[in-house]
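Okay, work22.cif now, which holds mmCIF, C-alpha atoms and all ligand atoms:
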```cif
data_my_file
loop_
_atom_site.label_atom_id
_atom_site.label_comp_id
_atom_site.auth_asym_id
_atom_site.auth_seq_id
_atom_site.Cartn_x
_atom_site.Cartn_y
_atom_site.Cartn_z
CA MET A 2 98.77 139.93 89.21
CA ASP A 3 95.37 141.64 88.80
CA SER A 4 94.30 138.83 86.51
CA LEU A 5 94.55 136.24 89.30
CA ASN A 6 91.62 134.99 91.35
CA PRO A 7 92.27 133.29 94.70
CA ALA A 8 92.90 129.54 94.40
CA PRO A 9 90.17 127.33 95.85
CA ALA A 10 90.96 126.44 99.47
CA ASP A 11 92.68 123.07 99.93
CA PRO A 12 89.87 121.05 101.53
CA LEU A 13 92.16 118.88 103.69
CA LEU A 14 94.15 121.78 105.08
CA GLY A 15 90.91 123.66 105.82
CA LEU A 16 89.64 120.60 107.64
CA MET A 17 92.83 120.39 109.69
CA LEU A 18 92.46 124.02 110.81
CA ALA A 19 88.77 123.58 111.62
CA ALA A 20 89.51 120.47 113.72
CA ARG A 21 92.31 122.30 115.52
CA ALA A 22 90.03 125.24 116.35
CA ASP A 23 87.23 122.99 117.66
CA GLU A 24 87.31 123.17 121.46
CA ARG A 25 84.97 120.26 122.16
CA PRO A 26 86.99 117.74 124.24
CA GLY A 27 85.52 114.70 122.48
CA LYS A 28 86.31 115.87 118.92
CA THR A 29 87.78 113.31 116.52
CA ASP A 30 90.12 114.42 113.73
CA LEU A 31 90.20 111.79 110.98
CA GLY A 32 91.40 114.25 108.32
CA VAL A 33 95.00 114.95 107.32
CA GLY A 34 97.19 111.87 106.81
CA ILE A 35 99.72 111.91 109.58
CA TYR A 36 100.42 109.10 112.01
CA LYS A 37 99.33 109.80 115.58
CA THR A 38 99.74 107.98 118.87
CA GLU A 39 96.79 107.26 121.18
CA ALA A 40 97.56 110.63 122.83
CA GLY A 41 97.23 112.34 119.45
CA ASP A 42 100.95 113.14 119.06
CA THR A 43 103.23 112.61 116.07
CA PRO A 44 106.55 112.03 117.83
CA VAL A 45 110.07 112.01 116.37
CA LEU A 46 111.15 108.36 116.11
CA ARG A 47 113.93 107.27 118.51
CA ALA A 48 116.22 106.19 115.65
CA VAL A 49 115.71 109.59 114.00
CA LYS A 50 116.67 111.44 117.20
CA GLU A 51 119.79 109.32 117.61
CA ALA A 52 120.77 109.73 113.93
CA GLU A 53 120.35 113.50 114.30
CA ARG A 54 122.54 113.50 117.40
CA ARG A 55 125.27 111.62 115.52
CA LEU A 56 124.98 113.93 112.49
CA LEU A 57 125.31 116.99 114.68
CA GLU A 58 128.61 115.61 115.96
CA THR A 59 130.02 114.27 112.74
CA GLU A 60 128.81 116.59 109.98
CA THR A 61 131.76 118.62 108.69
CA THR A 62 130.27 120.62 105.82
CA LYS A 63 127.11 122.16 104.45
CA ALA A 64 128.52 122.33 100.91
CA TYR A 65 126.16 121.44 98.01
CA GLU A 66 125.56 117.76 97.32
CA GLY A 67 124.45 118.01 93.66
CA PRO A 68 121.15 117.27 91.89
CA HIS A 69 121.18 113.54 92.82
CA GLY A 70 121.49 114.40 96.50
CA ASN A 71 122.87 111.87 98.96
CA PRO A 72 124.26 108.72 97.23
CA LEU A 73 124.13 106.64 100.44
CA PHE A 74 120.46 107.52 100.83
CA CYS A 75 119.74 106.68 97.18
CA GLU A 76 121.50 103.31 97.54
CA ALA A 77 119.60 102.55 100.74
CA ILE A 78 116.20 103.31 99.20
CA GLY A 79 117.23 101.26 96.15
CA GLU A 80 117.94 98.40 98.55
CA LEU A 81 114.55 98.75 100.31
CA THR A 82 112.57 98.84 97.07
CA LEU A 83 114.50 96.88 94.43
CA GLY A 84 116.94 94.87 96.53
CA GLY A 85 119.65 97.18 95.14
CA LEU A 86 120.18 99.64 92.28
CA GLY A 87 121.44 98.12 89.03
CA ASP A 88 123.13 99.66 86.00
CA ARG A 89 119.71 100.48 84.48
CA HIS A 90 118.73 102.62 87.48
CA THR A 91 119.29 106.26 88.26
CA ALA A 92 118.26 107.62 91.65
CA PHE A 93 117.66 111.05 93.12
CA THR A 94 117.12 112.32 96.63
CA THR A 95 114.01 114.53 96.43
CA PRO A 96 112.11 117.03 98.59
CA GLY A 97 109.56 114.46 99.84
CA GLY A 98 107.50 112.08 97.77
CA CYS A 99 105.87 115.13 96.16
CA GLY A 100 109.21 116.39 94.83
CA ALA A 101 109.80 112.94 93.33
CA LEU A 102 106.32 112.92 91.78
CA PHE A 103 106.85 116.35 90.28
CA ILE A 104 110.26 115.62 88.73
CA GLY A 105 109.24 112.06 87.75
CA MET A 106 106.17 113.28 85.88
CA GLN A 107 108.22 116.00 84.20
CA ALA A 108 110.73 113.35 83.06
CA ALA A 109 107.87 111.15 81.77
CA LYS A 110 106.48 114.10 79.82
CA LEU A 111 109.89 114.86 78.37
CA ALA A 112 110.16 111.26 77.13
CA SER A 113 106.62 111.27 75.76
CA PRO A 114 105.21 114.81 75.39
CA ASP A 115 101.63 113.71 74.64
CA ALA A 116 101.51 111.21 77.49
CA ARG A 117 98.38 111.17 79.61
CA LEU A 118 98.37 110.09 83.25
CA PHE A 119 96.11 107.14 84.09
CA LEU A 120 95.06 107.37 87.73
CA SER A 121 92.94 105.10 89.91
CA ASP A 122 89.50 106.42 90.78
CA PRO A 123 89.75 107.39 93.59
CA SER A 124 93.35 108.45 94.03
CA TRP A 125 95.31 110.81 96.24
CA PRO A 126 94.22 114.28 94.99
CA ASN A 127 97.77 115.62 94.64
CA HIS A 128 98.51 113.12 91.85
CA GLU A 129 96.02 114.97 89.72
CA GLY A 130 97.19 118.34 91.08
CA ILE A 131 100.82 117.72 90.08
CA ALA A 132 99.83 116.46 86.63
CA ALA A 133 97.67 119.57 86.13
CA ALA A 134 100.56 121.85 87.14
CA LEU A 135 102.68 120.17 84.46
CA GLY A 136 99.98 120.30 81.78
CA ILE A 137 99.54 116.52 81.77
CA GLU A 138 96.00 115.35 81.04
CA THR A 139 94.61 112.81 83.54
CA VAL A 140 92.34 109.88 82.77
CA PHE A 141 90.79 107.91 85.62
CA TYR A 142 90.52 104.13 85.62
CA PRO A 143 88.06 102.42 87.98
CA TYR A 144 89.79 100.72 90.91
CA VAL A 145 87.30 99.11 93.29
CA GLY A 146 83.86 97.90 92.24
CA ASP A 147 81.93 100.32 94.41
CA ARG A 148 83.47 102.43 97.14
CA THR A 149 84.62 99.29 98.94
CA GLY A 150 86.41 95.98 98.55
CA ALA A 151 89.53 94.80 96.75
CA PRO A 152 90.67 96.19 93.37
CA ASP A 153 88.57 94.76 90.55
CA MET A 154 90.99 93.75 87.78
CA ASP A 155 88.33 93.47 85.07
CA LEU A 156 87.27 97.05 85.76
CA VAL A 157 90.88 98.26 85.89
CA LEU A 158 91.70 96.65 82.53
CA LYS A 159 88.54 98.04 80.99
CA GLY A 160 89.58 101.49 82.19
CA LEU A 161 92.94 101.05 80.47
CA GLU A 162 91.44 100.09 77.11
CA GLY A 163 91.95 103.58 75.71
CA ALA A 164 95.56 103.86 76.92
CA ARG A 165 98.13 104.51 74.19
CA ALA A 166 101.83 103.69 74.01
CA GLY A 167 103.78 106.19 76.16
CA ASP A 168 100.86 106.94 78.50
CA ILE A 169 101.76 106.90 82.19
CA LEU A 170 100.08 104.39 84.49
CA LEU A 171 100.17 105.49 88.12
CA LEU A 172 100.06 102.63 90.61
CA GLN A 173 100.49 102.83 94.38
CA GLY A 174 103.02 100.55 96.04
CA ALA A 175 101.22 99.56 99.25
CA CYS A 176 98.48 101.00 101.47
CA HIS A 177 96.59 102.69 98.61
CA ASN A 178 95.53 106.22 99.50
CA PRO A 179 92.56 106.62 99.96
CA THR A 180 91.03 103.11 99.80
CA GLY A 181 93.49 101.07 101.90
CA THR A 182 93.18 98.21 99.42
CA ASP A 183 96.04 97.04 97.18
CA PHE A 184 96.58 94.90 94.11
CA SER A 185 97.35 91.24 94.91
CA ALA A 186 100.55 89.54 93.69
CA GLU A 187 98.57 87.97 90.80
CA GLN A 188 97.07 91.33 89.87
CA TRP A 189 100.54 92.90 89.72
CA VAL A 190 101.60 90.14 87.29
CA ARG A 191 98.52 90.89 85.18
CA LEU A 192 99.36 94.62 85.28
CA ALA A 193 102.91 93.92 84.06
CA GLU A 194 101.44 92.04 81.06
CA GLU A 195 99.12 94.94 80.31
CA VAL A 196 101.94 97.47 80.58
CA GLU A 197 104.01 95.44 78.09
CA LYS A 198 101.09 94.90 75.74
CA ARG A 199 100.16 98.57 75.57
CA GLY A 200 103.64 100.09 75.88
CA LEU A 201 102.69 102.07 78.99
CA LEU A 202 105.13 103.73 81.37
CA PRO A 203 104.38 102.49 84.90
CA PHE A 204 104.82 105.05 87.64
CA VAL A 205 104.80 103.44 91.07
CA ASP A 206 104.25 105.75 94.02
CA THR A 207 105.27 104.25 97.38
CA ALA A 208 104.50 106.32 100.44
CA TYR A 209 103.73 103.76 103.16
CA GLN A 210 106.25 100.92 102.93
CA GLY A 211 106.13 99.00 106.20
CA PHE A 212 102.64 100.10 107.23
CA ALA A 213 100.73 97.10 105.83
CA ARG A 214 102.49 93.82 106.68
CA GLY A 215 106.21 94.56 106.97
CA LEU A 216 109.01 96.25 105.06
CA GLU A 217 109.83 93.32 102.81
CA GLU A 218 106.26 92.09 102.48
CA ASP A 219 105.04 95.55 101.42
CA GLY A 220 107.76 95.91 98.82
CA ALA A 221 107.67 92.39 97.33
CA ASN A 222 104.96 92.88 94.69
CA VAL A 223 106.48 96.11 93.36
CA LYS A 224 109.95 94.56 93.28
CA ALA A 225 108.69 91.56 91.30
CA PHE A 226 106.70 93.88 89.01
CA LEU A 227 109.77 96.02 88.26
CA GLU A 228 111.79 92.89 87.49
CA ARG A 229 109.24 91.94 84.84
CA ILE A 230 109.17 95.19 82.91
CA PRO A 231 111.84 97.14 81.04
CA GLU A 232 111.21 100.69 82.21
CA ALA A 233 109.46 102.40 85.08
CA ILE A 234 109.48 105.34 87.43
CA LEU A 235 109.39 104.79 91.17
CA THR A 236 108.71 107.53 93.70
CA TYR A 237 109.27 107.04 97.41
CA SER A 238 108.29 109.02 100.49
CA CYS A 239 110.02 108.76 103.88
CA SER A 240 107.43 111.08 105.44
CA LYS A 241 105.35 108.35 107.06
CA ASN A 242 107.59 105.34 107.62
CA PHE A 243 110.43 107.46 109.07
CA GLY A 244 108.08 110.13 110.49
CA LEU A 245 110.09 112.80 108.64
CA TYR A 246 107.15 114.78 107.27
CA ARG A 247 108.53 118.31 107.49
CA GLU A 248 112.09 117.34 106.57
CA ARG A 249 110.81 116.70 103.02
CA THR A 250 112.58 113.40 102.34
CA GLY A 251 111.88 111.22 99.34
CA ALA A 252 113.46 109.50 96.37
CA LEU A 253 112.96 109.18 92.65
CA ILE A 254 114.29 106.04 90.99
CA ILE A 255 114.07 105.65 87.24
CA GLN A 256 114.51 102.24 85.65
CA ALA A 257 115.65 102.57 82.04
CA PRO A 258 115.48 99.77 79.46
CA GLY A 259 119.29 99.65 79.19
CA ALA A 260 122.51 101.31 80.38
CA LYS A 261 122.66 103.75 77.42
CA ALA A 262 119.09 104.94 77.94
CA LYS A 263 119.90 105.21 81.64
CA ASP A 264 122.63 107.78 80.93
CA ALA A 265 120.26 109.90 78.85
CA VAL A 266 117.45 109.77 81.41
CA ALA A 267 119.84 110.44 84.32
CA THR A 268 121.31 113.57 82.73
CA GLN A 269 117.95 114.85 81.45
CA THR A 270 116.37 114.36 84.88
CA ALA A 271 119.33 116.02 86.61
CA ALA A 272 118.74 119.01 84.30
CA LEU A 273 115.06 119.10 85.35
CA VAL A 274 116.11 119.09 89.01
CA ARG A 275 118.67 121.82 88.35
CA ALA A 276 116.02 124.01 86.71
CA SER A 277 113.57 123.68 89.62
CA TYR A 278 114.98 123.31 93.16
CA SER A 279 118.53 122.73 91.86
CA MET A 280 119.47 120.31 94.62
CA PRO A 281 117.48 118.55 97.31
CA PRO A 282 117.60 119.33 101.05
CA SER A 283 120.07 117.05 102.81
CA HIS A 284 119.08 116.65 106.46
CA GLY A 285 116.25 114.10 106.16
CA ALA A 286 118.17 111.98 103.64
CA ALA A 287 121.24 112.00 105.91
CA ILE A 288 119.07 110.78 108.78
CA VAL A 289 117.63 107.93 106.71
CA ALA A 290 121.07 106.95 105.35
CA THR A 291 122.46 106.93 108.91
CA ILE A 292 119.64 104.70 110.15
CA LEU A 293 119.73 102.25 107.27
CA ASN A 294 123.51 101.87 107.40
CA ASP A 295 123.70 101.14 111.13
CA ALA A 296 122.47 97.77 112.41
CA GLU A 297 121.35 99.07 115.81
CA LEU A 298 119.53 102.14 114.47
CA ARG A 299 117.88 100.06 111.77
CA ARG A 300 116.65 97.56 114.36
CA SER A 301 115.24 100.39 116.47
CA TRP A 302 113.54 101.97 113.43
CA GLU A 303 112.03 98.68 112.32
CA GLU A 304 110.75 98.10 115.84
CA GLU A 305 109.02 101.49 115.95
CA LEU A 306 107.67 101.04 112.44
CA GLY A 307 106.27 97.70 113.61
CA GLN A 308 104.61 99.46 116.55
CA MET A 309 102.98 102.02 114.24
CA ARG A 310 101.79 99.21 111.96
CA GLY A 311 100.51 97.20 114.94
CA ARG A 312 98.57 100.18 116.28
CA LEU A 313 96.97 100.87 112.90
CA ASN A 314 96.00 97.24 112.38
CA GLY A 315 94.66 96.98 115.94
CA LEU A 316 92.57 100.13 115.49
CA ARG A 317 91.26 98.74 112.20
CA GLU A 318 90.03 95.59 113.92
CA GLY A 319 88.38 97.49 116.75
CA PHE A 320 86.80 100.07 114.44
CA ALA A 321 85.54 97.46 111.98
CA SER A 322 83.87 95.37 114.67
CA ALA A 323 82.39 98.46 116.36
CA LEU A 324 80.96 99.58 112.99
CA VAL A 325 79.55 96.12 112.21
CA ARG A 326 77.92 96.03 115.66
CA ALA A 327 76.46 99.53 115.29
CA THR A 328 75.14 99.02 111.75
CA ASN A 329 74.58 95.26 111.41
CA ASP A 330 76.36 95.66 108.09
CA ASP A 331 78.96 92.87 107.74
CA SER A 332 80.50 94.47 104.66
CA LEU A 333 82.18 97.03 106.93
CA SER A 334 84.38 94.25 108.33
CA ARG A 335 86.54 94.88 105.24
CA ILE A 336 88.03 97.85 107.15
CA ALA A 337 89.92 95.32 109.31
CA GLU A 338 91.46 93.76 106.18
CA GLU A 339 92.44 97.05 104.56
CA LYS A 340 95.91 98.41 105.16
CA GLY A 341 97.80 101.56 106.00
CA MET A 342 96.60 104.92 107.16
CA PHE A 343 93.32 105.17 105.27
CA SER A 344 89.97 103.59 104.52
CA GLN A 345 86.93 105.10 102.89
CA LEU A 346 83.58 105.12 104.63
CA PRO A 347 80.44 104.89 102.52
CA ILE A 348 79.08 108.33 103.35
CA GLU A 349 77.68 111.30 101.43
CA ALA A 350 79.76 114.49 101.41
CA GLU A 351 76.96 116.57 102.97
CA ASP A 352 76.71 114.14 105.89
CA THR A 353 80.40 114.58 106.68
CA LEU A 354 79.57 118.26 107.27
CA VAL A 355 76.70 117.32 109.59
CA LEU A 356 79.03 115.05 111.59
CA GLN A 357 81.55 117.84 111.80
CA ARG A 358 78.98 120.34 113.07
CA GLU A 359 76.99 118.13 115.39
CA LYS A 360 79.54 115.65 116.71
CA GLY A 361 82.97 117.18 116.14
CA ILE A 362 83.96 114.31 113.82
CA TYR A 363 86.24 115.56 111.04
CA MET A 364 86.77 113.77 107.72
CA PRO A 365 86.88 115.00 104.11
CA GLY A 366 83.75 114.83 101.95
CA SER A 367 85.06 111.67 100.27
CA GLY A 368 84.66 109.76 103.55
CA ARG A 369 88.38 108.96 103.71
CA VAL A 370 89.36 108.44 107.33
CA ASN A 371 92.84 108.52 108.86
CA ILE A 372 92.82 105.36 110.98
CA ALA A 373 95.59 106.79 113.20
CA GLY A 374 93.17 109.55 114.27
CA LEU A 375 90.87 107.01 115.99
CA LYS A 376 90.83 106.74 119.77
CA GLU A 377 90.91 103.16 121.00
CA ASP A 378 88.68 103.78 124.00
CA ARG A 379 86.02 105.64 122.00
CA LEU A 380 85.51 103.34 119.02
CA GLY A 381 82.04 102.20 120.14
CA GLU A 382 80.87 105.77 120.69
CA LEU A 383 82.26 106.88 117.32
CA ALA A 384 80.67 103.94 115.48
CA ALA A 385 77.31 104.81 117.08
CA ASP A 386 77.69 108.43 115.94
CA LEU A 387 78.56 107.35 112.39
CA ALA A 388 76.03 104.52 112.03
CA SER A 389 73.00 106.42 110.82
CA TYR A 390 75.01 108.31 108.20
CA LEU A 391 76.66 105.32 106.53
CA VAL A 392 75.14 104.43 103.17
CA ARG A 393 73.96 100.84 102.98
N1 LIG B 1 102.00 109.66 97.59
C1 LIG B 1 100.97 109.35 98.37
C2 LIG B 1 100.00 108.32 97.92
C3 LIG B 1 100.80 110.00 99.59
O1 LIG B 1 99.76 109.69 100.37
C4 LIG B 1 101.75 110.97 99.99
C5 LIG B 1 101.63 111.67 101.31
N2 LIG B 1 100.41 112.01 101.72
C6 LIG B 1 102.82 111.25 99.12
C7 LIG B 1 102.91 110.56 97.93
C8 LIG B 1 103.90 112.28 99.35
O2 LIG B 1 104.19 112.68 100.59
P1 LIG B 1 105.38 113.67 100.95
O3 LIG B 1 105.59 114.62 99.83
O4 LIG B 1 104.91 114.33 102.19
O5 LIG B 1 106.59 112.81 101.18
#
```
What would you get if you wrote out this structure as structure tokens?
Amino acid sequence: MDSLNPAPADPLLGLMLAARADERPGKTDLGVGIYKTEAGDTPVLRAVKEAERRLLETETTKAYEGPHGNPLFCEAIGELTLGGLGDRHTAFTTPGGCGALFIGMQAAKLASPDARLFLSDPSWPNHEGIAAALGIETVFYPYVGDRTGAPDMDLVLKGLEGARAGDILLLQGACHNPTGTDFSAEQWVRLAEEVEKRGLLPFVDTAYQGFARGLEEDGANVKAFLERIPEAILTYSCSKNFGLYRERTGALIIQAPGAKAKDAVATQTAALVRASYSMPPSHGAAIVATILNDAELRRSWEEELGQMRGRLNGLREGFASALVRATNDDSLSRIAEEKGMFSQLPIEAEDTLVLQREKGIYMPGSGRVNIAGLKEDRLGELAADLASYLVR
């Protein structure tokens, strides 16, 4: 162990601790990506509480479930994402979206040992972290023209020019982290053509289904994309849309080109699971399966998901207009159009530290802000504090 140096501190976790320790009453924590209410809480959803109550009464065993985890959960996530699992699909319950990313990337590497991972610039930092842990080289493709606006397909395709057959193309399902801006339906069609042309393995990471427009609306482009292409890996997180963060609940679905290839990939992936965490935790998946298989609980969940979405979209509108008013910069109105938990502010990393010190406003150096951390009654004040630091 003497040969080890301490790992660099995780900037987001450090930011979370610093915000927590700040005793100024008006502080604003726009850092770590968790949903919060106006009061700053992250409550357990009503449907989750009720599902837990039912499980407590009905659960009869804690025996192992096996590497695939909970089949009812896998079916239910297959339904939400693909409209149902087919004979080319194999699905696993995983410890969160991260567990799915880790095993999914390992499976991709097994299929194509020299594969590189093509990631949007910017992307969620853990995509690169997981690839690095598995010895997979990452290559970034440009995503938005500057730090703002919708994905620029010409730039994306240019960034993919060097991609070779077998390389992995990571795409985010909806509510892109960190930009809040997603590919359009037409762009997904164009991506499917590119994937076919170059023989790439698409890897679709979905962590915010239901946070942009609605459950079905947010899944439609990915579903159509997967119908167009022979093989793909899909990872899914229930952390945000079910509020199950610490229960570590996610899914990995692999779409093989045919039933025979499906058997090989299913058994190989089960072996990867067995050699790491062996079998997934069951509680979160049992909660989700209970909710999705009960009409009343599902209605309650969808209602609360709709409330979270409504709050985020409302905050976006208020924040965008407050920023436009404070800066006279109309381009910031794009924040109202962006979706999900995050948007990126045009700000220099050193100025985020000044804001932290002087105003108690916490965001990472990239300028990514968690929209759920905004306070509705203080948007004007916040915009005024930010205005002079935003790059125009
Ligand atoms: N993918 C993306 C893009 C995310 O933002 C997250 C959560 N921050 C995840 C995957 C995985 O989340 P978890 O492991 O907590 O389910």
Expected answer as a short mmCIF file (atom, residue, chain, number, x, y, z; two decimals) with C-alpha atoms, keeping the file's coordinate frame: residues within 6 Å of ligand LIG 1 (chain B), only C-alpha atoms and all ligand atoms:
```
data_model
loop_
_atom_site.label_atom_id
_atom_site.label_comp_id
_atom_site.auth_asym_id
_atom_site.auth_seq_id
_atom_site.Cartn_x
_atom_site.Cartn_y
_atom_site.Cartn_z
CA GLY A 97 109.56 114.46 99.84
CA GLY A 98 107.50 112.08 97.77
CA CYS A 99 105.87 115.13 96.16
CA TRP A 125 95.31 110.81 96.24
CA ASN A 178 95.53 106.22 99.50
CA ASP A 206 104.25 105.75 94.02
CA ALA A 208 104.50 106.32 100.44
CA SER A 238 108.29 109.02 100.49
CA CYS A 239 110.02 108.76 103.88
CA SER A 240 107.43 111.08 105.44
CA TYR A 246 107.15 114.78 107.27
CA GLY A 251 111.88 111.22 99.34
#
```
message: Could you list, as a PyMOL selection string, every residue within 9 Å of stretch 185-188 of chain A, counting all atoms listed in the file and ignoring same-chain residues fewer than 5 positions away?
response: chain A and resi 151-152+154+193+221-223+225-226
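In this structure, atom CA of A:Asn127 sits 15.4 Å away from atom CA of A:Gly15.
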- prompt: Suppose you want the space between atom CA of A:Glu80 and atom CA of A:Met106; what is it in Å?
  reply: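 So the answer is 22.8 Å.
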- prompt: In Å to one decimal, how far is atom CA of A:Ala323 from atom CA of A:Ala385?
  reply: 8.2 Å
